[in-house]
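Structure below is data34.cif: mmCIF, C-alpha atoms.
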```cif
data_data
loop_
_atom_site.label_atom_id
_atom_site.label_comp_id
_atom_site.auth_asym_id
_atom_site.auth_seq_id
_atom_site.Cartn_x
_atom_site.Cartn_y
_atom_site.Cartn_z
CA MET A 106 -29.09 39.49 41.59
CA THR A 107 -32.22 39.23 39.49
CA ALA A 108 -31.49 42.45 37.65
CA VAL A 109 -27.90 41.46 36.99
CA GLY A 110 -28.96 37.98 35.84
CA SER A 111 -31.55 39.31 33.47
CA ALA A 112 -29.10 41.79 32.03
CA GLY A 113 -26.37 39.15 31.51
CA PHE A 114 -28.50 36.73 29.45
CA ARG A 115 -30.47 37.35 26.27
CA HIS A 116 -33.93 35.91 26.00
CA LEU A 117 -34.22 33.33 23.17
CA SER A 118 -37.53 32.89 21.44
CA SER A 119 -38.77 29.54 20.15
CA THR A 120 -38.02 30.64 16.59
CA SER A 121 -34.37 31.38 17.32
CA VAL A 122 -33.98 28.06 19.20
CA CYS A 123 -35.29 26.16 16.19
CA ARG A 124 -32.95 28.10 13.91
CA VAL A 125 -29.91 27.24 16.09
CA THR A 126 -30.92 23.58 16.25
CA LEU A 127 -31.26 23.31 12.48
CA GLN A 128 -27.87 24.96 11.95
CA THR A 129 -26.25 22.52 14.37
CA LYS A 130 -27.77 19.49 12.67
CA SER A 131 -26.74 20.66 9.25
CA GLY A 132 -23.21 21.27 10.52
CA THR A 133 -22.80 17.67 11.75
CA GLU A 134 -23.76 16.09 8.43
CA LYS A 135 -20.74 14.69 6.60
CA PRO A 136 -20.59 16.03 3.05
CA SER A 137 -20.12 13.34 0.39
CA SER A 138 -16.78 13.49 -1.42
CA PRO A 139 -16.89 14.18 -5.16
CA TRP A 140 -13.91 11.82 -5.60
CA THR A 141 -14.32 8.09 -6.16
CA LEU A 142 -11.90 6.17 -3.92
CA MET A 143 -10.13 3.05 -5.17
CA ALA A 144 -7.32 0.84 -3.85
CA ALA A 145 -4.71 -0.94 -5.94
CA VAL A 146 -2.07 -3.51 -5.02
CA CYS A 147 1.51 -3.54 -6.29
CA LEU A 148 2.25 -7.26 -6.08
CA GLN A 149 5.91 -8.15 -6.62
CA ARG A 150 7.53 -11.52 -7.10
CA LEU A 151 11.02 -11.34 -5.63
CA PRO A 152 14.00 -12.85 -7.50
CA VAL A 153 14.15 -16.63 -7.23
CA ILE A 154 17.86 -16.97 -8.02
CA SER A 155 20.80 -14.64 -7.64
CA ALA A 156 21.53 -12.31 -10.53
CA ASP A 157 24.57 -12.76 -12.72
CA CYS A 158 27.60 -10.80 -11.60
CA SER A 159 28.69 -7.83 -13.65
CA PRO A 160 32.30 -7.76 -14.96
CA ILE A 161 33.48 -5.48 -12.15
CA GLU A 162 31.75 -7.71 -9.56
CA GLN A 163 33.53 -10.76 -10.98
CA GLN A 164 36.87 -8.99 -10.78
CA PHE A 165 36.22 -7.97 -7.19
CA ARG A 166 35.21 -11.51 -6.23
CA GLN A 167 38.39 -12.95 -7.78
CA MET A 168 40.50 -10.36 -5.96
CA MET A 169 38.87 -11.24 -2.62
CA GLN A 170 39.43 -14.94 -3.24
CA ARG A 171 43.13 -14.34 -3.95
CA MET A 172 43.49 -12.25 -0.78
CA GLU A 173 41.77 -14.91 1.29
CA LEU A 174 43.99 -17.63 -0.19
CA GLU A 175 47.18 -15.67 0.47
CA LYS A 176 46.32 -14.84 4.08
CA SER A 177 44.71 -18.13 5.08
CA LEU A 178 46.40 -21.00 6.93
CA LEU A 179 46.85 -24.46 5.50
CA SER A 180 43.86 -26.74 5.92
CA ASP A 181 44.01 -30.28 7.26
CA HIS A 182 43.86 -31.67 3.74
CA GLU A 183 46.72 -29.45 2.56
CA LEU A 184 48.82 -30.54 5.56
CA ARG A 185 48.08 -34.14 4.67
CA LEU A 186 49.19 -33.53 1.08
CA LEU A 187 52.53 -32.20 2.37
CA GLU A 188 52.90 -35.17 4.71
CA ASP A 189 52.23 -37.66 1.91
CA SER A 190 54.64 -35.86 -0.40
CA GLU A 191 57.34 -35.94 2.26
CA ARG A 192 56.78 -39.64 2.92
CA ILE A 193 57.03 -40.50 -0.79
CA SER A 194 60.18 -38.45 -1.22
CA ARG A 195 61.83 -40.20 1.76
CA LYS A 196 60.80 -43.57 0.40
CA GLN A 197 62.39 -42.81 -2.95
CA ALA A 198 65.57 -41.64 -1.19
CA ASP A 199 65.86 -44.92 0.81
CA ASP A 200 65.27 -42.96 3.99
CA TYR A 201 61.96 -44.55 4.85
CA ASP A 202 61.11 -46.32 8.09
CA SER A 203 59.11 -49.47 7.31
CA ASP A 204 57.78 -49.54 10.87
CA GLU A 205 55.30 -46.85 9.84
CA GLU A 206 53.49 -49.29 7.54
CA GLU A 207 53.78 -52.14 10.07
CA ASN A 208 52.05 -50.00 12.69
CA ARG A 209 49.13 -49.55 10.31
CA GLY A 210 48.65 -53.31 10.07
CA ASP A 211 46.20 -54.37 7.33
CA GLN A 212 44.68 -50.87 7.14
CA GLU A 213 44.63 -49.59 3.58
CA ILE A 214 46.69 -46.50 3.03
CA VAL A 215 44.63 -43.78 1.31
CA LEU A 216 46.65 -40.84 0.11
CA ALA A 217 45.27 -37.33 0.02
CA GLN A 218 45.69 -37.33 -3.74
CA ASP A 219 43.42 -40.38 -3.97
CA LEU A 220 40.77 -38.45 -2.09
CA GLU A 221 41.08 -35.55 -4.51
CA ASP A 222 40.63 -37.92 -7.46
CA SER A 223 37.46 -39.36 -5.94
CA TRP A 224 36.14 -35.88 -5.24
CA GLU A 225 36.87 -34.87 -8.82
CA GLN A 226 34.84 -37.81 -10.13
CA LYS A 227 31.89 -36.82 -7.95
CA LEU A 228 32.17 -33.23 -9.15
CA GLN A 229 31.95 -34.31 -12.78
CA LYS A 230 28.70 -36.15 -12.03
CA PHE A 231 27.20 -33.12 -10.23
CA GLN A 232 24.65 -31.12 -12.22
CA PRO A 233 23.96 -27.55 -11.00
CA GLY A 234 20.45 -26.24 -10.72
CA LEU A 235 18.83 -24.82 -13.86
CA ARG A 236 18.56 -21.04 -14.17
CA VAL A 237 16.10 -20.78 -17.06
CA ASN A 238 12.54 -22.00 -17.44
CA VAL A 239 11.23 -22.06 -21.00
CA CYS A 240 7.61 -22.36 -22.05
CA VAL A 241 7.29 -24.68 -25.04
CA LYS A 242 4.23 -25.88 -26.92
CA SER A 243 3.11 -29.38 -26.13
CA SER A 244 2.52 -31.91 -28.90
CA ARG A 245 -0.92 -32.75 -27.49
CA HIS A 246 -4.14 -31.01 -28.54
CA SER A 247 -2.63 -29.98 -31.89
CA GLY A 248 0.11 -27.98 -30.26
CA GLU A 249 -2.25 -25.60 -28.50
CA GLY A 250 -1.22 -26.37 -24.93
CA VAL A 251 1.72 -24.63 -23.30
CA ARG A 252 3.78 -26.13 -20.51
CA ALA A 253 6.80 -25.02 -18.52
CA ARG A 254 10.07 -26.74 -19.23
CA SER A 255 13.51 -26.31 -17.71
CA VAL A 256 16.59 -26.20 -19.91
CA PRO A 257 20.32 -26.04 -19.13
CA ALA A 258 22.04 -22.69 -18.92
CA ASP A 259 24.11 -23.46 -22.06
CA ALA A 260 21.04 -23.99 -24.27
CA PRO A 261 20.86 -22.10 -27.61
CA LEU A 262 19.69 -18.50 -27.49
CA SER A 263 16.84 -19.29 -29.88
CA CYS A 264 15.47 -21.67 -27.24
CA LEU A 265 15.93 -19.24 -24.35
CA ALA A 266 14.10 -16.40 -26.08
CA ASP A 267 10.69 -17.82 -25.13
CA ALA A 268 11.46 -17.38 -21.43
CA ASP A 269 11.58 -13.58 -21.74
CA GLU A 270 8.65 -13.26 -24.14
CA ASP A 271 6.03 -15.21 -22.17
CA LEU A 272 4.85 -12.50 -19.79
CA THR A 273 1.96 -14.65 -18.57
CA SER A 274 4.37 -17.08 -16.88
CA LEU A 275 5.31 -16.54 -13.25
CA GLU A 276 8.49 -18.57 -13.84
CA ARG A 277 10.07 -16.09 -16.24
CA CYS A 278 13.17 -14.01 -15.51
CA LEU A 279 14.03 -15.84 -12.30
CA ALA A 280 16.85 -13.42 -11.46
CA ASP A 281 14.63 -10.29 -11.67
CA PRO A 282 11.73 -8.98 -9.58
CA LEU A 283 8.39 -8.99 -11.40
CA VAL A 284 5.25 -6.86 -10.98
CA LEU A 285 1.72 -8.12 -11.59
CA VAL A 286 -0.24 -6.07 -14.15
CA ALA A 287 -3.92 -6.74 -14.90
CA GLU A 288 -6.13 -5.76 -17.83
CA GLN A 289 -9.19 -4.03 -16.37
CA GLN A 290 -12.25 -2.24 -17.68
CA VAL A 291 -12.21 1.52 -17.05
CA GLY A 292 -15.26 3.19 -18.52
CA GLY A 293 -15.47 2.07 -22.12
CA ASP A 294 -11.78 1.17 -22.43
CA LYS A 295 -9.63 -1.75 -21.32
CA LEU A 296 -6.38 -0.60 -19.71
CA TRP A 297 -3.36 -2.30 -18.19
CA LEU A 298 -3.22 -1.30 -14.52
CA LEU A 299 -2.12 -2.58 -11.17
CA PRO A 300 -5.01 -4.71 -9.80
CA GLN A 301 -7.54 -2.30 -8.33
CA THR A 302 -11.15 -2.11 -7.18
CA ARG A 303 -13.56 0.46 -5.75
CA TRP A 304 -13.68 1.18 -2.04
CA GLN A 305 -16.83 0.11 -0.20
CA GLU A 306 -18.36 1.64 2.89
CA GLY A 307 -17.21 0.00 6.11
CA GLU A 308 -13.83 -1.35 4.96
CA THR A 309 -10.30 0.04 5.13
CA LEU A 310 -8.32 0.85 2.02
CA ARG A 311 -6.02 -2.08 2.71
CA GLN A 312 -9.03 -4.41 2.84
CA THR A 313 -10.07 -2.97 -0.50
CA ALA A 314 -6.63 -3.74 -1.93
CA GLU A 315 -6.82 -7.30 -0.57
CA ARG A 316 -10.22 -7.70 -2.22
CA ALA A 317 -8.80 -6.42 -5.50
CA LEU A 318 -6.15 -9.14 -5.38
CA ALA A 319 -8.63 -11.85 -4.43
CA SER A 320 -10.95 -10.92 -7.31
CA LEU A 321 -8.35 -11.69 -9.99
CA PRO A 322 -9.11 -14.58 -12.36
CA ALA A 323 -5.89 -16.42 -11.40
CA ALA A 324 -6.19 -18.63 -8.34
CA GLY A 325 -3.50 -19.44 -5.83
CA LEU A 326 -1.97 -15.97 -5.40
CA LYS A 327 -0.92 -15.56 -1.77
CA ALA A 328 0.57 -12.22 -0.79
CA THR A 329 2.06 -10.53 2.25
CA PHE A 330 1.07 -6.86 2.47
CA LEU A 331 3.75 -4.44 3.63
CA GLY A 332 1.97 -2.19 6.12
CA ASN A 333 -1.45 -0.62 6.40
CA ALA A 334 -0.60 2.74 4.85
CA PRO A 335 -0.58 3.35 1.09
CA CYS A 336 2.77 3.84 -0.62
CA GLY A 337 1.43 6.17 -3.31
CA VAL A 338 -1.66 7.80 -4.78
CA TYR A 339 -2.77 8.56 -8.34
CA LYS A 340 -5.49 11.13 -9.02
CA TYR A 341 -7.26 11.87 -12.29
CA LYS A 342 -10.29 13.94 -13.23
CA LEU A 343 -13.19 12.95 -15.43
CA PRO A 344 -13.70 14.71 -18.76
CA LYS A 345 -15.40 18.07 -18.33
CA ALA A 346 -18.53 16.83 -20.06
CA ALA A 347 -18.86 14.00 -17.53
CA ARG A 348 -18.08 15.98 -14.38
CA THR A 349 -20.78 16.80 -11.86
CA GLU A 350 -20.82 18.28 -8.38
CA SER A 351 -20.87 14.78 -6.89
CA ALA A 352 -18.42 13.17 -9.35
CA VAL A 353 -15.22 15.00 -10.19
CA GLY A 354 -12.67 12.20 -10.57
CA THR A 355 -10.97 9.20 -8.97
CA LYS A 356 -8.21 8.74 -6.40
CA VAL A 357 -6.30 5.45 -6.47
CA PHE A 358 -4.30 4.47 -3.36
CA PHE A 359 -1.51 1.93 -3.90
CA PHE A 360 -0.46 -0.77 -1.41
CA LYS A 361 2.66 -2.90 -1.71
CA ALA A 362 2.65 -6.67 -1.33
CA ILE A 363 5.13 -9.51 -1.84
CA LEU A 364 4.14 -12.81 -3.39
CA SER A 365 4.38 -15.46 -0.68
CA ASP A 366 6.13 -18.79 -1.16
CA GLY A 367 4.20 -22.02 -1.11
CA GLY A 368 0.99 -23.13 -2.69
CA ALA A 369 0.23 -24.26 -6.20
CA PRO A 370 1.38 -21.87 -8.95
CA ALA A 371 -1.32 -19.78 -10.54
CA ALA A 372 -2.51 -20.81 -13.98
CA PRO A 373 -1.43 -18.43 -16.77
CA SER A 374 -4.07 -15.90 -17.81
CA ALA A 375 -4.09 -13.61 -20.82
CA SER A 376 -5.43 -10.75 -18.68
CA LEU A 377 -2.50 -10.95 -16.21
CA LEU A 378 1.13 -10.17 -16.96
CA TRP A 379 4.31 -10.46 -14.89
CA ALA A 380 6.54 -7.63 -16.05
CA LYS A 381 9.92 -6.30 -15.05
CA LYS A 382 10.18 -2.65 -14.06
CA SER A 383 11.79 -1.83 -17.41
CA GLU A 384 8.81 -3.41 -19.21
CA LEU A 385 6.03 -1.56 -17.37
CA GLN A 386 6.20 1.47 -19.62
CA ARG A 387 5.00 -0.67 -22.55
CA TYR A 388 1.64 -1.21 -20.84
CA LEU A 389 1.03 1.62 -18.35
CA LYS A 390 0.04 5.14 -19.34
CA PRO A 391 2.83 7.74 -18.89
CA ALA A 392 1.10 9.71 -16.11
CA TYR A 393 0.19 6.48 -14.30
CA MET A 394 3.71 5.13 -14.79
CA MET A 395 5.24 8.23 -13.19
CA LYS A 396 3.43 7.42 -9.94
CA VAL A 397 4.09 3.68 -10.03
CA GLU A 398 7.83 3.78 -10.73
CA ARG A 399 8.42 5.68 -7.48
CA PHE A 400 7.65 2.67 -5.30
CA VAL A 401 8.53 -0.24 -7.61
CA LEU A 402 12.03 -1.28 -6.59
CA ALA A 403 14.37 -3.12 -8.94
CA LEU A 404 15.95 -5.34 -6.24
#
```
Representation of the structure as structure tokens:
Amino acid sequence: MTAVGSAGFRHLSSTSVCRVTLQTKSGTEKPSSPWTLMAAVCLQRLPVISADCSPIEQQFRQMMQRMELEKSLLSDHELRLLEDSERISRKQADDYDSDEEENRGDQEIVLAQDLEDSWEQKLQKFQPGLRVNVCVKSSRHSGEGVRARSVPADAPLSCLADADEDLTSLERCLADPLVLVAEQQVGGDKLWLLPQTRWQEGETLRQTAERALASLPAAGLKATFLGNAPCGVYKYKLPKAARTESAVGTKVFFFKAILSDGGAPAAPSASLLWAKKSELQRYLKPAYMMKVERFVLAL
């Protein structure tokens, strides 16, 4: 047994043991990534009001209303209109039973047509909700201040133009979804990007995205994040002259979030814009825009 045991195992010297131990320790060390990790948040404000119907949608709605009217039964009000019409026609033809009025006593007879007239008067006094918010300059402080003002839907086009041009206002384009874009310092340049910040040791990428949103100059932005996994990634390399073995480029992971209702509206800031999807290409770089437009939905 001793001979077999000695033949089955190789004797290890102290030098070889030290060499194996050093190799094991070096193998467990986690190599540092040459990529800088960042997280960005795609914050969307959902439409506040319903969008205007297209011509074909209007035609379809009218067709459905006609079909519903043709197939529906008479309502209680329509039956009352027929009853009143029949009573009046019998009264004009001297075929009217006066006992019907005597049974009513002193109760005032209100015809269905009288009800319709009263409803029509109430309808004329009704004012629908406003669909457009316009930012106009206030007369105070020499016209420097800007305040939000609501105008009727039939206001002149010259007055409504300000609503689409003021990208700093959260109340613009109420029928369209908007995306928050921030002006941030990248190297020596200022670029329009989705709000982003650098990942820190010990936090998840979603926590990094939440911190990027909280660090914005505008206060009062409350968002609901949609999941813990990123919806996209954008990768770019540093210029060759600036590359090193420990710094090759940056990877940006995007997270989607929806602006929550409630709370005071954020004050307008020149470094923050609320843009429609069709307007993003004016501010974002083409390569960056190709990644962003994949997960920005035009609801």
Surrounding residues of A:Ala375 excluding itself and chain neighbours under 4 positions, 12 Å, all atoms listed in the file, as a PyMOL selection string | chain A and resi 271-274+286-289+297+321-323+379
Which distance in Å separates atom CA of A:Gly325 and atom CA of A:Ile363, to one decimal?
->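 Interatomic distance here is 13.7 Å.
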Atom CA of A:His182 to atom CA of A:Gly234: how many Å, to one decimal?
->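 Interatomic distance, atom CA of A:His182 to atom CA of A:Gly234: 28.0 Å.
Closest to A:Asn333 among A:Leu179, A:Ala352, A:Leu310, A:Val153 is A:Leu310, based on all atoms listed in the file.
The closest residue to A:Ala314, picked from A:Lys340, A:Lys361, A:Arg387, A:Lys345 and counting only C-alpha atoms, is A:Lys361.
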Could you jot down the atom CA of A:Ser159 to atom CA of A:Leu378 separation for me, Å, one decimal place?
-> 27.9 Å
Which residues match the PyMOL selection byres ((chain A and resi 354) around 10) in the file above, as a short mmCIF file (atom, residue, chain, number, x, y, z; two decimals) with C-alpha atoms, in the frame of the given file?
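Contents of result-v4.cif, freshly written:
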```
data_model
loop_
_atom_site.label_atom_id
_atom_site.label_comp_id
_atom_site.auth_asym_id
_atom_site.auth_seq_id
_atom_site.Cartn_x
_atom_site.Cartn_y
_atom_site.Cartn_z
CA PRO A 139 -16.89 14.18 -5.16
CA TRP A 140 -13.91 11.82 -5.60
CA THR A 141 -14.32 8.09 -6.16
CA LEU A 142 -11.90 6.17 -3.92
CA LYS A 340 -5.49 11.13 -9.02
CA TYR A 341 -7.26 11.87 -12.29
CA LYS A 342 -10.29 13.94 -13.23
CA LEU A 343 -13.19 12.95 -15.43
CA PRO A 344 -13.70 14.71 -18.76
CA ALA A 347 -18.86 14.00 -17.53
CA ARG A 348 -18.08 15.98 -14.38
CA THR A 349 -20.78 16.80 -11.86
CA SER A 351 -20.87 14.78 -6.89
CA ALA A 352 -18.42 13.17 -9.35
CA VAL A 353 -15.22 15.00 -10.19
CA THR A 355 -10.97 9.20 -8.97
CA LYS A 356 -8.21 8.74 -6.40
#
```
Using all atoms listed in the file, which residue out of A:Leu389, A:Met168, A:Val338, A:Ile161 lies closest to A:Lys295?
->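 Using all atoms listed in the file, the shortest distance to A:Lys295 belongs to A:Leu389.
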Care to translate the PyMOL selection byres ((chain A and resi 399-402) around 8) into actual residues of this file, as a list in words?
->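 Listing what the PyMOL selection byres ((chain A and resi 399-402) around 8) selects in the shown file: Cys147, Cys336, Gly337, Lys382, Met395, Lys396, Val397, Glu398, Ala403 and Leu404 of chain A.
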Limited to C-alpha atoms, could you put the picked residues into a file as a PDB file, in the coordinates of the input?
```
ATOM      1  CA  CYS A 147       1.510  -3.540  -6.290  1.00  0.00           C
ATOM      2  CA  CYS A 336       2.770   3.840  -0.620  1.00  0.00           C
ATOM      3  CA  GLY A 337       1.430   6.170  -3.310  1.00  0.00           C
ATOM      4  CA  LYS A 382      10.180  -2.650 -14.060  1.00  0.00           C
ATOM      5  CA  MET A 395       5.240   8.230 -13.190  1.00  0.00           C
ATOM      6  CA  LYS A 396       3.430   7.420  -9.940  1.00  0.00           C
ATOM      7  CA  VAL A 397       4.090   3.680 -10.030  1.00  0.00           C
ATOM      8  CA  GLU A 398       7.830   3.780 -10.730  1.00  0.00           C
ATOM      9  CA  ALA A 403      14.370  -3.120  -8.940  1.00  0.00           C
ATOM     10  CA  LEU A 404      15.950  -5.340  -6.240  1.00  0.00           C
TER      11      LEU A 404
END
```
For A:Ile154, work out the shell of residues within 8 Å, counting only C-alpha atoms and skipping chain neighbours fewer than 5 positions away, then give it as a PDB file with C-alpha atoms, in the frame of the given file.
```pdb
ATOM      1  CA  ARG A 236      18.560 -21.040 -14.170  1.00  0.00           C
ATOM      2  CA  LEU A 279      14.030 -15.840 -12.300  1.00  0.00           C
ATOM      3  CA  ALA A 280      16.850 -13.420 -11.460  1.00  0.00           C
TER       4      ALA A 280
END
```
Give as a list in words the set of residues within 9 Å of the point (-0.9, -8.2, -5.1), where distances use the file's coordinates and only C-alpha atoms.
->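 Using only C-alpha atoms, the matching residues come out as Ala145, Val146, Cys147, Leu148, Gln149, Val284, Leu285, Leu299, Pro300, Ala314, Glu315, Ala317, Leu318, Ala319, Leu326, Lys327, Ala328, Thr329, Phe330, Phe360, Lys361, Ala362, Ile363 and Leu364 of chain A.
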Distance criterion (only C-alpha atoms): nearest to A:Gln218 out of A:Ala334, A:Leu184, A:Met394, A:Ala198 =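 For A:Gln218, the nearest of the given residues is A:Leu184.
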